[in-house]
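Shown below: data07.cif, with mmCIF, C-alpha atoms.
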data_work
loop_
_atom_site.label_atom_id
_atom_site.label_comp_id
_atom_site.auth_asym_id
_atom_site.auth_seq_id
_atom_site.Cartn_x
_atom_site.Cartn_y
_atom_site.Cartn_z
CA MET D 1 130.24 20.40 103.16
CA LYS D 2 132.52 17.41 102.74
CA LEU D 3 134.17 15.83 105.79
CA VAL D 4 137.65 14.65 104.75
CA ARG D 5 139.00 13.61 108.16
CA LYS D 6 138.05 13.74 111.83
CA ASP D 7 140.62 13.10 114.59
CA LEU D 8 139.18 13.62 118.07
CA GLU D 9 140.76 12.52 121.37
CA LYS D 10 138.84 11.17 124.38
CA ASP D 11 138.83 14.64 125.98
CA ASN D 12 137.26 16.03 122.75
CA ALA D 13 140.44 17.85 121.68
CA GLY D 14 141.53 17.31 118.09
CA GLN D 15 141.04 18.44 114.53
CA VAL D 16 138.74 18.05 111.54
CA THR D 17 139.49 18.58 107.85
CA LEU D 18 136.60 19.93 105.77
CA ILE D 19 135.91 21.14 102.23
CA PRO D 20 133.13 23.76 101.94
CA GLU D 21 131.22 23.08 98.69
CA GLU D 22 128.48 25.75 98.67
CA PRO D 23 128.12 29.38 99.84
CA GLU D 24 125.93 28.04 102.69
CA ASP D 25 128.93 26.07 103.97
CA MET D 26 130.82 29.33 104.59
CA TRP D 27 128.14 30.24 107.16
CA HIS D 28 128.60 26.85 108.86
CA THR D 29 132.38 27.40 108.88
CA TYR D 30 131.89 30.85 110.47
CA ASN D 31 129.95 29.19 113.29
CA LEU D 32 132.60 26.48 113.76
CA LEU D 33 135.47 28.97 114.11
CA GLN D 34 136.26 30.51 117.49
CA VAL D 35 139.04 32.80 118.69
CA GLY D 36 141.94 30.65 119.96
CA ASP D 37 141.37 27.80 117.47
CA SER D 38 144.12 26.92 115.03
CA LEU D 39 143.30 27.01 111.32
CA ARG D 40 145.45 25.45 108.61
CA ALA D 41 144.70 26.37 104.99
CA SER D 42 146.35 27.34 101.73
CA THR D 43 146.68 31.09 101.16
CA ILE D 44 148.49 33.66 99.03
CA ARG D 45 151.28 35.72 100.64
CA LYS D 46 153.22 38.63 99.14
CA VAL D 47 156.92 37.80 99.61
CA GLN D 48 159.89 40.10 99.05
CA THR D 49 162.81 38.55 97.17
CA GLU D 50 166.34 39.82 96.69
CA SER D 51 168.27 38.84 93.56
CA ALA D 52 172.06 38.24 93.32
CA THR D 53 172.51 41.81 92.05
CA GLY D 54 170.78 43.19 95.14
CA SER D 55 167.55 44.33 93.44
CA VAL D 56 164.44 43.75 95.56
CA GLY D 57 161.19 42.50 94.03
CA SER D 58 157.98 41.04 95.39
CA ASN D 59 156.07 37.93 94.33
CA ARG D 60 152.70 36.51 95.31
CA ILE D 61 153.29 32.95 96.48
CA ARG D 62 150.73 30.29 97.43
CA THR D 63 151.66 28.62 100.69
CA THR D 64 149.98 26.69 103.52
CA LEU D 65 149.83 28.44 106.88
CA THR D 66 148.61 27.50 110.36
CA LEU D 67 147.15 30.46 112.23
CA CYS D 68 146.04 30.96 115.80
CA VAL D 69 142.64 32.61 115.15
CA GLU D 70 142.29 36.17 116.51
CA ALA D 71 139.49 37.71 114.42
CA ILE D 72 136.76 36.33 112.14
CA ASP D 73 134.91 38.43 109.59
CA PHE D 74 131.91 37.05 107.66
CA ASP D 75 130.14 38.83 104.80
CA SER D 76 126.68 37.22 104.67
CA GLN D 77 125.69 38.63 101.27
CA ALA D 78 128.87 37.60 99.44
CA CYS D 79 129.33 34.51 101.69
CA GLN D 80 133.02 35.37 102.16
CA LEU D 81 134.97 34.48 105.27
CA ARG D 82 138.24 36.12 106.36
CA VAL D 83 140.22 34.80 109.31
CA LYS D 84 143.02 36.88 110.84
CA GLY D 85 145.63 35.47 113.17
CA THR D 86 149.30 34.86 113.91
CA ASN D 87 151.42 32.18 112.27
CA ILE D 88 152.16 29.33 114.73
CA GLN D 89 154.02 26.87 112.50
CA GLU D 90 157.41 27.16 110.77
CA ASN D 91 157.10 28.40 107.19
CA GLU D 92 159.81 29.42 104.71
CA TYR D 93 157.92 32.57 103.66
CA VAL D 94 156.23 33.72 106.89
CA LYS D 95 157.94 34.26 110.26
CA MET D 96 156.58 32.73 113.44
CA GLY D 97 154.16 35.16 115.12
CA ALA D 98 153.64 37.22 111.93
CA TYR D 99 150.07 38.32 111.23
CA HIS D 100 148.22 37.03 108.20
CA THR D 101 144.62 36.92 106.91
CA ILE D 102 143.36 33.74 105.28
CA GLU D 103 140.34 34.04 103.01
CA LEU D 104 138.45 30.74 103.12
CA GLU D 105 136.79 29.81 99.81
CA PRO D 106 134.39 27.12 98.58
CA ASN D 107 136.07 23.94 97.29
CA ARG D 108 139.32 24.69 99.15
CA GLN D 109 140.23 22.36 102.01
CA PHE D 110 141.02 23.58 105.53
CA THR D 111 141.87 21.92 108.84
CA LEU D 112 140.46 23.27 112.09
CA ALA D 113 141.90 22.26 115.48
CA LYS D 114 140.27 22.96 118.87
CA LYS D 115 141.22 22.24 122.46
CA GLN D 116 137.57 21.31 123.07
CA TRP D 117 134.94 20.27 120.51
CA ASP D 118 131.57 20.72 122.23
CA SER D 119 128.28 19.00 121.29
CA VAL D 120 126.84 22.07 119.50
CA VAL D 121 129.86 22.42 117.19
CA LEU D 122 129.94 18.68 116.42
CA GLU D 123 126.21 18.73 115.64
CA ARG D 124 126.75 21.62 113.20
CA ILE D 125 129.39 19.56 111.33
CA GLU D 126 126.90 16.69 111.07
CA GLN D 127 124.21 19.03 109.71
CA ALA D 128 126.57 20.74 107.27
CA CYS D 129 127.74 17.39 105.86
CA ASP D 130 124.19 15.98 105.52
CA PRO D 131 122.73 16.89 102.09
CA ALA D 132 119.16 16.50 103.42
CA TRP D 133 119.64 19.75 105.37
CA SER D 134 119.86 21.87 102.22
CA ALA D 135 116.21 21.59 101.12
CA ASP D 136 115.88 25.13 99.87
CA VAL D 137 112.93 27.47 99.51
CA ALA D 138 112.66 30.72 97.55
CA ALA D 139 110.25 33.55 98.30
CA VAL D 140 108.97 36.66 96.54
CA VAL D 141 107.49 39.07 99.09
CA MET D 142 105.70 41.89 97.29
CA GLN D 143 103.28 44.80 97.31
CA GLU D 144 102.50 47.28 94.53
CA GLY D 145 105.83 48.81 93.51
CA LEU D 146 108.05 46.86 95.96
CA ALA D 147 109.31 43.27 95.89
CA HIS D 148 112.02 41.25 97.63
CA VAL D 149 113.31 38.03 96.05
CA CYS D 150 114.78 35.89 98.84
CA LEU D 151 116.38 32.48 99.23
CA VAL D 152 115.49 30.67 102.46
CA THR D 153 118.27 28.17 103.14
CA PRO D 154 118.43 26.02 106.30
CA SER D 155 120.67 28.62 107.95
CA MET D 156 119.82 32.03 106.56
CA THR D 157 117.44 34.25 104.64
CA LEU D 158 119.33 35.90 101.79
CA THR D 159 117.85 38.84 99.90
CA ARG D 160 118.91 38.24 96.33
CA ALA D 161 117.06 41.16 94.68
CA LYS D 162 115.02 44.20 95.66
CA VAL D 163 112.72 45.64 92.97
CA GLU D 164 111.27 49.13 93.43
CA VAL D 165 109.14 50.88 90.80
CA ASN D 166 107.15 54.07 91.33
CA ILE D 167 103.52 53.30 90.44
CA PRO D 168 101.28 56.34 89.76
CA ARG D 169 97.76 56.27 91.23
CA LYS D 170 94.81 55.43 89.02
CA ARG D 171 93.17 58.57 87.64
CA LYS D 172 89.52 58.91 86.79
CA GLY D 173 89.03 57.85 83.19
CA ASN D 174 92.78 57.27 82.64
CA CYS D 175 94.50 54.21 84.11
CA SER D 176 97.11 53.76 81.35
CA GLN D 177 100.07 55.23 83.32
CA HIS D 178 99.24 53.09 86.36
CA ASP D 179 98.87 49.92 84.26
CA ARG D 180 102.07 50.52 82.29
CA ALA D 181 104.10 51.08 85.49
CA LEU D 182 102.57 47.96 87.07
CA GLU D 183 103.46 45.89 84.01
CA ARG D 184 107.03 47.22 84.10
CA PHE D 185 107.22 46.31 87.82
CA TYR D 186 105.94 42.75 87.21
CA GLU D 187 108.40 42.28 84.34
CA GLN D 188 111.36 43.29 86.55
CA VAL D 189 110.23 40.84 89.28
CA VAL D 190 109.97 38.00 86.70
CA GLN D 191 113.51 38.79 85.52
CA ALA D 192 114.78 38.75 89.13
CA ILE D 193 113.13 35.34 89.70
CA GLN D 194 114.78 33.88 86.58
CA ARG D 195 118.16 35.38 87.48
CA HIS D 196 118.32 34.41 91.16
CA ILE D 197 116.26 31.25 91.63
CA ASN D 198 117.81 27.90 90.72
CA PHE D 199 114.80 25.66 90.06
CA GLU D 200 116.95 22.52 90.18
CA VAL D 201 117.58 23.11 93.89
CA VAL D 202 114.51 25.06 95.02
CA LYS D 203 111.47 22.92 95.68
CA CYS D 204 109.00 25.68 96.45
CA VAL D 205 108.65 29.38 95.55
CA LEU D 206 106.40 31.36 97.88
CA VAL D 207 104.71 34.40 96.35
CA ALA D 208 103.45 36.51 99.26
CA SER D 209 101.59 39.83 99.22
CA PRO D 210 98.69 41.77 100.71
CA GLY D 211 95.45 41.94 98.66
CA PHE D 212 95.36 40.56 95.12
CA VAL D 213 98.88 41.58 94.09
CA ARG D 214 100.21 37.97 94.15
CA GLU D 215 97.31 36.65 92.01
CA GLN D 216 97.70 39.46 89.45
CA PHE D 217 101.47 38.96 89.35
CA CYS D 218 101.25 35.17 88.88
CA ASP D 219 98.60 35.59 86.14
CA TYR D 220 100.89 38.08 84.36
CA MET D 221 104.00 35.91 84.78
CA PHE D 222 102.44 32.73 83.35
CA GLN D 223 100.61 34.56 80.54
CA GLN D 224 103.97 36.02 79.47
CA ALA D 225 105.63 32.61 79.87
CA VAL D 226 103.06 31.08 77.47
CA LYS D 227 103.51 33.97 74.99
CA THR D 228 107.31 33.73 75.01
CA ASP D 229 107.38 29.93 75.41
CA ASN D 230 109.42 30.25 78.61
CA LYS D 231 109.95 26.55 79.45
CA LEU D 232 111.78 27.29 82.72
CA LEU D 233 108.73 28.98 84.29
CA LEU D 234 106.12 26.73 82.68
CA GLU D 235 107.83 23.49 83.77
CA ASN D 236 108.15 24.76 87.35
CA ARG D 237 104.65 26.24 87.64
CA SER D 238 103.66 23.68 90.30
CA LYS D 239 106.43 24.97 92.61
CA PHE D 240 104.79 28.41 92.97
CA LEU D 241 102.63 28.78 96.06
CA GLN D 242 100.58 31.94 96.75
CA VAL D 243 100.23 33.07 100.38
CA HIS D 244 99.18 36.19 102.26
CA SER D 245 101.61 38.66 103.84
CA SER D 246 100.99 42.10 105.34
CA SER D 247 103.51 43.90 103.09
CA GLY D 248 106.31 43.51 100.57
CA HIS D 249 109.08 44.00 103.15
CA LYS D 250 111.50 41.20 104.11
CA TYR D 251 110.15 40.88 107.69
CA ALA D 252 106.71 39.88 106.27
CA LEU D 253 108.33 36.61 105.12
CA LYS D 254 107.81 35.21 108.62
CA GLU D 255 104.01 35.47 108.20
CA ALA D 256 104.24 33.68 104.85
CA LEU D 257 106.28 30.85 106.41
CA CYS D 258 103.66 30.53 109.19
CA ASP D 259 100.84 29.86 106.70
CA PRO D 260 99.51 26.28 107.28
CA ALA D 261 99.61 25.54 103.52
CA VAL D 262 103.29 26.49 103.49
CA THR D 263 104.11 24.60 106.68
CA SER D 264 102.70 21.35 105.29
CA ARG D 265 104.59 21.85 102.00
CA LEU D 266 107.86 22.64 103.79
CA SER D 267 107.42 20.27 106.71
CA ASP D 268 110.90 18.79 106.21
CA THR D 269 112.80 22.06 106.09
CA LYS D 270 114.55 23.53 109.10
CA ALA D 271 113.23 27.07 108.41
CA ALA D 272 109.58 26.01 108.74
CA GLY D 273 110.33 24.14 111.99
CA GLU D 274 111.98 27.21 113.50
CA VAL D 275 109.09 29.49 112.52
CA LYS D 276 106.52 27.08 113.99
CA ALA D 277 108.47 26.77 117.28
CA LEU D 278 108.67 30.57 117.62
CA ASP D 279 104.97 30.89 116.78
CA ASP D 280 104.11 28.28 119.45
CA PHE D 281 106.23 30.20 121.96
CA TYR D 282 104.39 33.49 121.30
CA LYS D 283 101.00 31.76 121.58
CA MET D 284 102.05 30.18 124.88
CA LEU D 285 103.34 33.55 126.15
CA GLN D 286 99.93 35.05 125.38
CA HIS D 287 97.67 32.32 126.75
CA GLU D 288 99.78 30.55 129.43
CA PRO D 289 102.63 32.90 130.43
CA ASP D 290 103.72 30.48 133.20
CA ARG D 291 104.74 28.01 130.47
CA ALA D 292 106.78 30.39 128.30
CA PHE D 293 110.07 31.81 129.61
CA TYR D 294 112.88 33.78 128.01
CA GLY D 295 116.21 35.12 129.27
CA LEU D 296 119.08 32.85 130.34
CA LYS D 297 118.48 32.95 134.13
CA HIS D 298 114.76 32.11 133.85
CA VAL D 299 115.34 29.38 131.28
CA GLU D 300 118.10 27.82 133.44
CA LYS D 301 115.75 27.82 136.47
CA ALA D 302 113.04 26.13 134.38
CA ASN D 303 115.62 23.55 133.27
CA GLU D 304 116.55 22.85 136.90
CA ALA D 305 112.88 22.04 137.46
CA LEU D 306 113.06 19.62 134.44
CA ALA D 307 110.24 21.66 132.91
CA ILE D 308 111.61 22.47 129.43
CA ASP D 309 109.77 20.82 126.55
CA THR D 310 111.30 22.93 123.72
CA LEU D 311 114.39 25.12 123.97
CA LEU D 312 114.74 27.91 121.40
CA ILE D 313 118.29 29.26 121.20
CA SER D 314 120.16 31.48 118.71
CA ASP D 315 123.43 30.26 117.18
CA GLU D 316 124.80 33.78 117.84
CA LEU D 317 125.15 32.87 121.53
CA PHE D 318 127.65 30.09 120.72
CA ARG D 319 129.94 32.66 119.09
CA HIS D 320 130.39 34.47 122.43
CA GLN D 321 134.02 35.51 122.98
CA ASP D 322 133.93 34.51 126.66
CA VAL D 323 134.63 30.76 126.92
CA ALA D 324 132.72 30.39 130.23
CA THR D 325 129.59 32.08 128.82
CA ARG D 326 129.69 29.91 125.70
CA ALA D 327 130.13 26.79 127.83
CA ARG D 328 127.07 27.82 129.87
CA TYR D 329 124.88 27.81 126.74
CA VAL D 330 126.31 24.46 125.58
CA LYS D 331 125.63 22.97 129.05
CA LEU D 332 122.01 24.20 128.85
CA VAL D 333 121.53 22.56 125.42
CA ASP D 334 123.06 19.25 126.59
CA SER D 335 120.99 19.25 129.79
CA VAL D 336 117.67 19.87 127.96
CA ARG D 337 118.44 16.98 125.59
CA GLU D 338 119.33 14.68 128.50
CA ASN D 339 115.94 15.50 130.03
CA MET D 340 114.20 14.45 126.77
CA GLY D 341 113.46 18.03 125.67
CA THR D 342 113.66 19.30 122.08
CA VAL D 343 116.36 21.82 121.16
CA ARG D 344 115.96 24.16 118.19
CA ILE D 345 119.08 26.14 117.31
CA PHE D 346 117.99 29.20 115.32
CA SER D 347 120.18 30.90 112.73
CA SER D 348 120.71 34.58 113.52
CA LEU D 349 120.57 35.24 109.75
CA HIS D 350 116.98 33.98 109.51
CA VAL D 351 114.02 36.29 110.08
CA SER D 352 112.88 33.96 112.90
CA GLY D 353 116.40 34.06 114.41
CA GLU D 354 116.38 37.86 114.34
CA GLN D 355 113.09 37.84 116.29
CA LEU D 356 114.46 35.37 118.84
CA GLY D 357 117.49 37.69 119.20
CA GLN D 358 115.10 40.43 120.38
CA LEU D 359 114.01 38.04 123.17
CA THR D 360 117.63 37.72 124.47
CA GLY D 361 118.32 34.82 122.05
CA VAL D 362 117.12 32.11 124.43
CA ALA D 363 113.52 31.06 125.20
CA ALA D 364 111.68 27.93 126.30
CA ILE D 365 108.25 26.35 126.07
CA LEU D 366 107.60 24.41 129.30
CA ARG D 367 105.90 21.06 129.87
CA PHE D 368 104.06 22.41 132.90
CA PRO D 369 103.61 25.85 134.53
CA VAL D 370 106.40 27.00 136.84
CA ALA D 371 104.66 29.78 138.73
CA GLU D 372 107.41 30.48 141.29
CA LEU D 373 109.70 31.97 138.67
CA SER D 374 107.05 34.42 137.53
CA ASP D 375 106.37 35.31 141.17
CA GLN D 376 110.09 35.91 141.80
CA GLU D 377 110.21 38.15 138.76
CA ASP D 378 107.20 40.15 140.01
CA GLU D 379 108.79 40.52 143.47
CA SER D 380 112.13 41.70 142.07
CA SER D 381 110.44 44.19 139.73
CA SER D 382 108.30 45.57 142.59
CA GLU D 383 111.45 45.98 144.74
CA GLU D 384 113.09 47.95 141.90
CA ASP D 385 110.02 50.23 141.75
#

The structure given in the file should be rewritten as structure tokens.
Amino acid sequence: MKLVRKDLEKDNAGQVTLIPEEPEDMWHTYNLLQVGDSLRASTIRKVQTESATGSVGSNRIRTTLTLCVEAIDFDSQACQLRVKGTNIQENEYVKMGAYHTIELEPNRQFTLAKKQWDSVVLERIEQACDPAWSADVAAVVMQEGLAHVCLVTPSMTLTRAKVEVNIPRKRKGNCSQHDRALERFYEQVVQAIQRHINFEVVKCVLVASPGFVREQFCDYMFQQAVKTDNKLLLENRSKFLQVHSSSGHKYALKEALCDPAVTSRLSDTKAAGEVKALDDFYKMLQHEPDRAFYGLKHVEKANEALAIDTLLISDELFRHQDVATRARYVKLVDSVRENMGTVRIFSSLHVSGEQLGQLTGVAAILRFPVAELSDQEDESSSEED
């Protein structure tokens, strides 16, 4: 993302002009936009024209509109963002108050104005405009007959390809059908890797599977690469890292990212940090439940006691339609930072963010046990019984 201009007043009202440069930036833009903001961007509008003879025709005209945002629609797989709203600035082609949908695209400038830019939104702009945040990872999660080729960006896990091949069982004295199907499966996975992984950007490719599938696959892939003199794979051989996972399904990627060998290799990527924080939270919940809280009310109480060491919060909560609710989450984040706590904002499009979403989207690891809260919870649950 490129920051063209930033005009903020003392009360944090104002506007920023940005140019999204990559598909990832569309996700950042989606998180910056809120209902009630005003968005100015170039768009195409179908306009009816009447000639001197009275015949009516219609032309598609490119014009710049300013909309008051009413609805935001984001397609995570195509990384497309559509913003619907009413026109709030005079325009020769579009009446005031008329509805229009602007489709935001990479490399096309837009200006976003808000009555209040909060700390979470401003931090997202900083992250989006910092190239160090886009240290990308690719992953192939597989089992016999099933593989998912994923890209793990700082903000989301994108499934780029799913390979499914029916593999017959080995028969006594005749394994040829099984072996042929397995070879066909491996070949399709290799093709998916070459098609969807950009080795200039990706610094590590995780190959995760149960059993020996990953070893057999990597042996096959590099043997074929030597035979066919595939320079792309041979030159990037050092980027492939084999790790264990329980299956070939997308959710098993979290286990692969938890592997200590992976964590050390990806120590500077946001995804690995999120996974480790969530893992620490679950361990704490298991061994010291008085130091691991989730749910907004409990986490706020822990914050009042200045007990929060690490706050885990989903970016989905900052897209809440109710301004007061959203402000409550922003206040919690600011307060934890003021009290020298660490805040990790999880992406709801990451596997780790999905898991945090199942825990209400907000959780905290505490510096010290806060037993009273657990006691209050027990009392209230016993009253309900």

List every residue of stretch 47-145 of chain D that has an atom at most 10 Å from any atom of stretch 245-265 of chain D, and for each one report the closest atom pair and its distance in Å to one decimal, counting only C-alpha atoms, with rows sorted by chain and then by increasing residue number, as a Markdown table.
| residue | atom | partner | partner_atom | distance |
| --- | --- | --- | --- | --- |
| D:Ala139 | CA | D:Leu253 | CA | 7.7 |
| D:Val140 | CA | D:Gly248 | CA | 8.4 |
| D:Val141 | CA | D:Gly248 | CA | 4.8 |
| D:Met142 | CA | D:Gly248 | CA | 3.7 |
| D:Gln143 | CA | D:Gly248 | CA | 4.6 |
| D:Glu144 | CA | D:Gly248 | CA | 8.1 |
| D:Gly145 | CA | D:Gly248 | CA | 8.8 |

Practice task
May I have the residues within 9 Å of stretch 234-238 of chain D as a PyMOL selection string, using all atoms listed in the file and disregarding those fewer than 5 positions away in the same chain?
Solution key: chain D and resi 199+204+222+225-226+229

Problem - Which of D:Glu187, D:Glu300, D:Glu354, D:Asp25 sits closest to D:Asp315 [using all atoms listed in the file] - result: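 Ranked by minimum distance to D:Asp315, first place goes to D:Glu354.
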
Handout entry: From D:Met221, D:Cys150, D:Met26, D:Ala138, residue lying nearest D:Ala78 [all atoms listed in the file]
Key =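 Of the candidates, the smallest distance to D:Ala78 is held by D:Met26.
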
Can you check which parts of stretch 121-197 of chain D lie within 12 Å of stretch 350-353 of chain D? Per residue, the shortest pair of atoms and distance in Å to one decimal, counting only C-alpha atoms, sorted by chain and number, as a Markdown table.
| residue | atom | partner | partner_atom | distance |
| --- | --- | --- | --- | --- |
| D:Cys150 | CA | D:His350 | CA | 11.1 |
| D:Leu151 | CA | D:His350 | CA | 10.4 |
| D:Val152 | CA | D:His350 | CA | 7.9 |
| D:Thr153 | CA | D:His350 | CA | 8.7 |
| D:Pro154 | CA | D:His350 | CA | 8.7 |
| D:Ser155 | CA | D:His350 | CA | 6.7 |
| D:Met156 | CA | D:His350 | CA | 4.5 |
| D:Thr157 | CA | D:His350 | CA | 4.9 |
| D:Leu158 | CA | D:His350 | CA | 8.3 |
| D:Thr159 | CA | D:His350 | CA | 10.8 |

Exercise for the section: Kindly give the distance, in Å, that separates atom CA of D:Val94 and atom CA of D:Arg62, rounded to a single decimal. Expected result: 11.5 Å

Give one line per residue of stretch 21-93 of chain D that approaches stretch 108-123 of chain D to at most 9 Å, naming the two atoms of the closest pair and their distance in Å to one decimal, counting all atoms listed in the file; sort by chain then ascending residue number and deliver it as a Markdown table.
| residue | atom | partner | partner_atom | distance |
| --- | --- | --- | --- | --- |
| D:Glu21 | CA | D:Arg108 | CA | 8.3 |
| D:Asn31 | CA | D:Val121 | CA | 7.8 |
| D:Leu32 | CA | D:Val121 | CA | 6.0 |
| D:Leu33 | CA | D:Leu112 | CA | 7.8 |
| D:Gln34 | CA | D:Lys114 | CA | 8.7 |
| D:Gly36 | CA | D:Lys114 | CA | 7.9 |
| D:Asp37 | CA | D:Lys114 | CA | 5.2 |
| D:Ser38 | CA | D:Ala113 | CA | 5.2 |
| D:Leu39 | CA | D:Leu112 | CA | 4.8 |
| D:Arg40 | CA | D:Thr111 | CA | 5.0 |
| D:Ala41 | CA | D:Phe110 | CA | 4.6 |
| D:Ser42 | CA | D:Phe110 | CA | 7.5 |
| D:Thr66 | CA | D:Thr111 | CA | 8.9 |

Handout entry: Picked residues, the PyMOL selection byres ((chain D and resi 80) around 9), expected as a list in words
Key =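 When the PyMOL selection byres ((chain D and resi 80) around 9) is applied, the selected residues are Pro23, Met26, Trp27, Asp73, Phe74, Asp75, Ser76, Gln77, Ala78, Cys79, Leu81, Arg82, Glu103, Leu104 and Glu105 of chain D.
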
Exercise for the section: Could you give me, as a list in words, the residues within 9 Å of D:Gly357, counting only C-alpha atoms and dropping anything in the same chain fewer than 3 positions from it? Expected result: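 Here the answer would be Ile313, Ser314, Glu316, Ser348, Ser352, Gly353, Glu354, Thr360, Gly361 and Val362 of chain D.
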
Handout entry: Nearest to D:Leu311, chosen from D:Asn91, D:Gln223, D:Gln188, D:Asn339, with all atoms listed in the file counted in the distances
Key =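 Selected residue with least distance to D:Leu311: D:Asn339.
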
Practice task
Measuring atom to atom with all atoms listed in the file, identify which of D:Gln194, D:Thr310, D:Gln321, D:Thr101 is nearest to D:Leu278.
Solution key: D:Thr310

Report the residues retrieved by the PyMOL selection byres ((chain D and resi 329) around 12) from the displayed file, expressed as a PDB file with C-alpha atoms, keeping the file's coordinate frame.
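Saved result, expr_31.pdb, follows:
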ATOM      1  CA  ASP D 118     131.570  20.720 122.230  1.00  0.00           C
ATOM      2  CA  SER D 119     128.280  19.000 121.290  1.00  0.00           C
ATOM      3  CA  VAL D 120     126.840  22.070 119.500  1.00  0.00           C
ATOM      4  CA  GLY D 295     116.210  35.120 129.270  1.00  0.00           C
ATOM      5  CA  LEU D 296     119.080  32.850 130.340  1.00  0.00           C
ATOM      6  CA  LYS D 297     118.480  32.950 134.130  1.00  0.00           C
ATOM      7  CA  VAL D 299     115.340  29.380 131.280  1.00  0.00           C
ATOM      8  CA  GLU D 300     118.100  27.820 133.440  1.00  0.00           C
ATOM      9  CA  LEU D 311     114.390  25.120 123.970  1.00  0.00           C
ATOM     10  CA  LEU D 312     114.740  27.910 121.400  1.00  0.00           C
ATOM     11  CA  ILE D 313     118.290  29.260 121.200  1.00  0.00           C
ATOM     12  CA  SER D 314     120.160  31.480 118.710  1.00  0.00           C
ATOM     13  CA  ASP D 315     123.430  30.260 117.180  1.00  0.00           C
ATOM     14  CA  GLU D 316     124.800  33.780 117.840  1.00  0.00           C
ATOM     15  CA  LEU D 317     125.150  32.870 121.530  1.00  0.00           C
ATOM     16  CA  PHE D 318     127.650  30.090 120.720  1.00  0.00           C
ATOM     17  CA  ARG D 319     129.940  32.660 119.090  1.00  0.00           C
ATOM     18  CA  HIS D 320     130.390  34.470 122.430  1.00  0.00           C
ATOM     19  CA  ASP D 322     133.930  34.510 126.660  1.00  0.00           C
ATOM     20  CA  VAL D 323     134.630  30.760 126.920  1.00  0.00           C
ATOM     21  CA  ALA D 324     132.720  30.390 130.230  1.00  0.00           C
ATOM     22  CA  THR D 325     129.590  32.080 128.820  1.00  0.00           C
ATOM     23  CA  ARG D 326     129.690  29.910 125.700  1.00  0.00           C
ATOM     24  CA  ALA D 327     130.130  26.790 127.830  1.00  0.00           C
ATOM     25  CA  ARG D 328     127.070  27.820 129.870  1.00  0.00           C
ATOM     26  CA  VAL D 330     126.310  24.460 125.580  1.00  0.00           C
ATOM     27  CA  LYS D 331     125.630  22.970 129.050  1.00  0.00           C
ATOM     28  CA  LEU D 332     122.010  24.200 128.850  1.00  0.00           C
ATOM     29  CA  VAL D 333     121.530  22.560 125.420  1.00  0.00           C
ATOM     30  CA  ASP D 334     123.060  19.250 126.590  1.00  0.00           C
ATOM     31  CA  SER D 335     120.990  19.250 129.790  1.00  0.00           C
ATOM     32  CA  VAL D 336     117.670  19.870 127.960  1.00  0.00           C
ATOM     33  CA  VAL D 343     116.360  21.820 121.160  1.00  0.00           C
ATOM     34  CA  ILE D 345     119.080  26.140 117.310  1.00  0.00           C
ATOM     35  CA  GLY D 361     118.320  34.820 122.050  1.00  0.00           C
ATOM     36  CA  VAL D 362     117.120  32.110 124.430  1.00  0.00           C
ATOM     37  CA  ALA D 363     113.520  31.060 125.200  1.00  0.00           C
TER      38      ALA D 363
END
